[in-house]
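The next block holds one structure in the form of structure tokens; read it before the comments.
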Amino acid sequence: MIYEKIIKATFLSRPNRFIARCVVDGEEVVCHVKNTGRCRELLVPGVTVLLSDERDNDKRKTPFDLVSVYKGERLINMDSQAPNKVAEELMKRLYPTARIQREVKYGESRIDLLVENEGVRTLVEVKGVTLEEDGVVRFPDAPTERGIKHLRELESAVSDGYEAVALFVVQMKDVKHFEPNEKMHPEFAAALRSAKENGVTLLAYDCIVTEDSIAANIPVKIIC
């Protein structure tokens, strides 16, 4: 996934979950935050962030999108729309001849991807991961009843004859392992273990993140 126009900025504050204030070339600007999660450990006043320049789009309410942030030397993509695109690119790489559909209705949910390959139908639910501590990455960074619902739908899909995958796209590289965020949402951790026990495949991939791109890299060990 490539971003067309990226500029560096300094993060100042986040008045609400949709908006950030940053400094670009000495001028304070308002940006759209492409992640409604808390991201408190990332968006710290004074950090360097990367913005997608949308000033050519006169239909926009804000001239920039905040898409990535430096956490020390580590560059983390925090664009919540990126993981689905990364996952689709990964599936195409792993299964070049597969037919891939987006946003497929199953049960009471829309599952991110349906991959049909050599007669096998696989539902893939994608979750982006930005929370990191000492090389360990976790999901979620806030309670997610929606995430639990998706895991239960994947369990049902297995019973209906589908293959089912919960894919965690780690929006950074060089991490130790992935684990559910038991402290933040123990119910999600329990649902993830239940899904695994009932036939749902758990996958995590880290990503190569540059200032203007993000792409799936290699599998990450999952501990749950």
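Convention: chains lettered A, B, ... in structure tokens order; per-chain residue numbering from 1; ligands numbered from 1 as shown.
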
Spatial neighbours of region 118-134 of chain A, 7 Å, only C-alpha atoms, chain gap at least 4 places, as a list in words
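With the cut-off at 7 Å, the set is Ile76, Met78, Ser80, Pro83, Asn84, Ile111, Asp112, Leu113, Leu114, Arg138, Phe139, Asp141, Tyr162, Glu163, Ala164, Val165, Ala166, Leu167, Phe168, Val169, Val170 and Gln171 of chain A.
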
Could you produce a table of the residues of region 104-132 of chain A lying within 8 Å of region 93-99 of chain A, with the nearest pair of atoms per residue and their separation in Å rounded to one decimal, using only C-alpha atoms, ordered by chain and increasing residue number, as a tab-separated table?
residue	atom	partner	partner_atom	distance
A:Val115	CA	A:Arg99	CA	5.9
A:Glu116	CA	A:Arg99	CA	5.1
A:Asn117	CA	A:Ala98	CA	4.6
A:Glu118	CA	A:Ala98	CA	7.5

Rank A:Ile19, A:Val200, A:Leu50, A:Ile100 by their smallest atom-to-atom distance to Ala157 (chain A), using only C-alpha atoms, and report the top residue only.
A:Val200

From the set A:Ala189, A:Asp212, A:Lys173, A:Thr48, which residue has the shortest atom-to-atom contact distance to Met1 (chain A), counting only C-alpha atoms?
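Checking each candidate against Met1 (chain A), we get A:Asp212 as the closest.
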
If you run DSSP on this backbone, which residues of region 12-221 of chain A come out as strand (DSSP E), and could you give them as a PyMOL selection string?
chain A and resi 12-16+19-24+27-33+48-53+64-71+74-77+99-106+109-117+120-129+131-133+136-139+163-170+177-180+201-210+213-219

Leaving out Ala20 (chain A) and any residue of its chain fewer than 2 positions from it, which residues lie within 6 Å of it when counting only C-alpha atoms, given as a tab-separated table (two decimals) with N, CA and C atoms, in the first residue's frame?
chain	number	residue	atom	x	y	z
A	13	SER	N	-1.70	17.81	19.93
A	13	SER	CA	-2.78	17.34	20.81
A	13	SER	C	-3.85	16.65	19.97
A	14	ARG	N	-4.74	15.96	20.69
A	14	ARG	CA	-5.86	15.26	20.05
A	14	ARG	C	-7.14	15.66	20.79
A	30	VAL	N	-4.95	21.38	11.47
A	30	VAL	CA	-5.88	20.38	11.97
A	30	VAL	C	-5.85	19.18	11.03
A	31	CYS	N	-5.77	17.97	11.61
A	31	CYS	CA	-5.67	16.74	10.81
A	31	CYS	C	-6.77	15.77	11.22

If I take CA of Arg74 (chain A) and CA of Thr201 (chain A), how far is one from the other in Å, to one decimal?
28.7 Å

Considering only alpha helix (DSSP H) as DSSP defines it on the backbone, what residues of region 35-204 of chain A qualify? List them as a PyMOL selection string.
chain A and resi 82-94+145-159+186-197

Selection: 7 Å around Val49 (chain A), only C-alpha atoms, excl. self and same-chain fewer than 3 positions, as JSON, numbers by chain
{"A": [8, 9, 10, 11, 68, 69, 70]}

Write out, as a PDB file, in the first residue's frame, the residues just selected, with N, CA and C atoms.
ATOM      1  N   LYS A   8       6.175  15.328   6.960  1.00  0.00           N
ATOM      2  CA  LYS A   8       6.423  15.189   8.389  1.00  0.00           C
ATOM      3  C   LYS A   8       5.808  16.355   9.148  1.00  0.00           C
ATOM      4  N   ALA A   9       5.398  16.059  10.388  1.00  0.00           N
ATOM      5  CA  ALA A   9       4.815  17.082  11.244  1.00  0.00           C
ATOM      6  C   ALA A   9       5.129  16.744  12.695  1.00  0.00           C
ATOM      7  N   THR A  10       4.843  17.673  13.561  1.00  0.00           N
ATOM      8  CA  THR A  10       4.991  17.456  15.001  1.00  0.00           C
ATOM      9  C   THR A  10       3.609  17.433  15.635  1.00  0.00           C
ATOM     10  N   PHE A  11       3.330  16.368  16.379  1.00  0.00           N
ATOM     11  CA  PHE A  11       2.022  16.226  17.026  1.00  0.00           C
ATOM     12  C   PHE A  11       1.928  17.142  18.245  1.00  0.00           C
ATOM     13  N   SER A  68       0.855   7.856  10.312  1.00  0.00           N
ATOM     14  CA  SER A  68       1.934   7.114  10.970  1.00  0.00           C
ATOM     15  C   SER A  68       2.570   7.975  12.051  1.00  0.00           C
ATOM     16  N   VAL A  69       3.292   7.294  12.946  1.00  0.00           N
ATOM     17  CA  VAL A  69       3.921   7.997  14.061  1.00  0.00           C
ATOM     18  C   VAL A  69       5.229   7.298  14.415  1.00  0.00           C
ATOM     19  N   TYR A  70       6.210   8.091  14.802  1.00  0.00           N
ATOM     20  CA  TYR A  70       7.458   7.531  15.313  1.00  0.00           C
ATOM     21  C   TYR A  70       7.348   7.332  16.816  1.00  0.00           C
TER      22      TYR A  70
END

Give me, as a PyMOL selection string, all polymer residues having an atom no more than 12 Å from Arg21 (chain A), counting only C-alpha atoms and skipping those fewer than 2 positions away in the same chain.
chain A and resi 9-19+23-24+27-33+43-47+49+51+62-66

Write to file, as an mmCIF file, in the first residue's frame, the residues of the selection just made, with C-alpha atoms.
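What landed in result.cif:
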data_model
loop_
_atom_site.group_PDB
_atom_site.id
_atom_site.type_symbol
_atom_site.label_atom_id
_atom_site.label_comp_id
_atom_site.auth_asym_id
_atom_site.auth_seq_id
_atom_site.Cartn_x
_atom_site.Cartn_y
_atom_site.Cartn_z
ATOM 1 C CA ALA A 9 4.815 17.082 11.244
ATOM 2 C CA THR A 10 4.991 17.456 15.001
ATOM 3 C CA PHE A 11 2.022 16.226 17.026
ATOM 4 C CA LEU A 12 0.527 18.675 19.524
ATOM 5 C CA SER A 13 -2.782 17.337 20.807
ATOM 6 C CA ARG A 14 -5.862 15.261 20.050
ATOM 7 C CA PRO A 15 -9.006 17.190 21.040
ATOM 8 C CA ASN A 16 -11.185 14.219 20.134
ATOM 9 C CA ARG A 17 -10.745 10.790 18.564
ATOM 10 C CA PHE A 18 -11.204 12.119 15.020
ATOM 11 C CA ILE A 19 -9.011 15.223 15.120
ATOM 12 C CA VAL A 23 2.654 21.658 13.361
ATOM 13 C CA VAL A 24 3.674 21.687 9.684
ATOM 14 C CA GLU A 27 2.128 26.436 11.216
ATOM 15 C CA GLU A 28 -0.486 24.709 13.381
ATOM 16 C CA VAL A 29 -2.873 22.599 11.312
ATOM 17 C CA VAL A 30 -5.877 20.376 11.974
ATOM 18 C CA CYS A 31 -5.671 16.744 10.813
ATOM 19 C CA HIS A 32 -8.059 13.839 10.543
ATOM 20 C CA VAL A 33 -6.871 10.880 12.659
ATOM 21 C CA LEU A 43 0.201 10.223 20.240
ATOM 22 C CA VAL A 44 2.362 11.976 22.782
ATOM 23 C CA PRO A 45 2.886 15.752 22.440
ATOM 24 C CA GLY A 46 6.097 16.468 20.568
ATOM 25 C CA VAL A 47 6.418 13.193 18.634
ATOM 26 C CA VAL A 49 4.059 12.065 12.832
ATOM 27 C CA LEU A 51 0.563 13.162 7.383
ATOM 28 C CA THR A 62 -9.444 18.736 7.002
ATOM 29 C CA PRO A 63 -6.385 19.169 4.749
ATOM 30 C CA PHE A 64 -4.361 16.282 6.194
ATOM 31 C CA ASP A 65 -4.727 12.689 7.417
ATOM 32 C CA LEU A 66 -2.509 11.468 10.244
#

CA of Arg60 (chain A) to CA of Glu88 (chain A), distance in Å rounded to a single decimal:
26.9 Å

Just give me the gap between CA of Met172 (chain A) and CA of Asp25 (chain A) in Å, one decimal is fine.
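Distance between the two atoms: 26.6 Å.
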
Residue with smallest distance to Lys85 (chain A) - pool A:Gln101, A:Pro186, A:Asn198, A:Glu108, counting only C-alpha atoms:
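Result for the nearest residue to Lys85 (chain A): A:Gln101.
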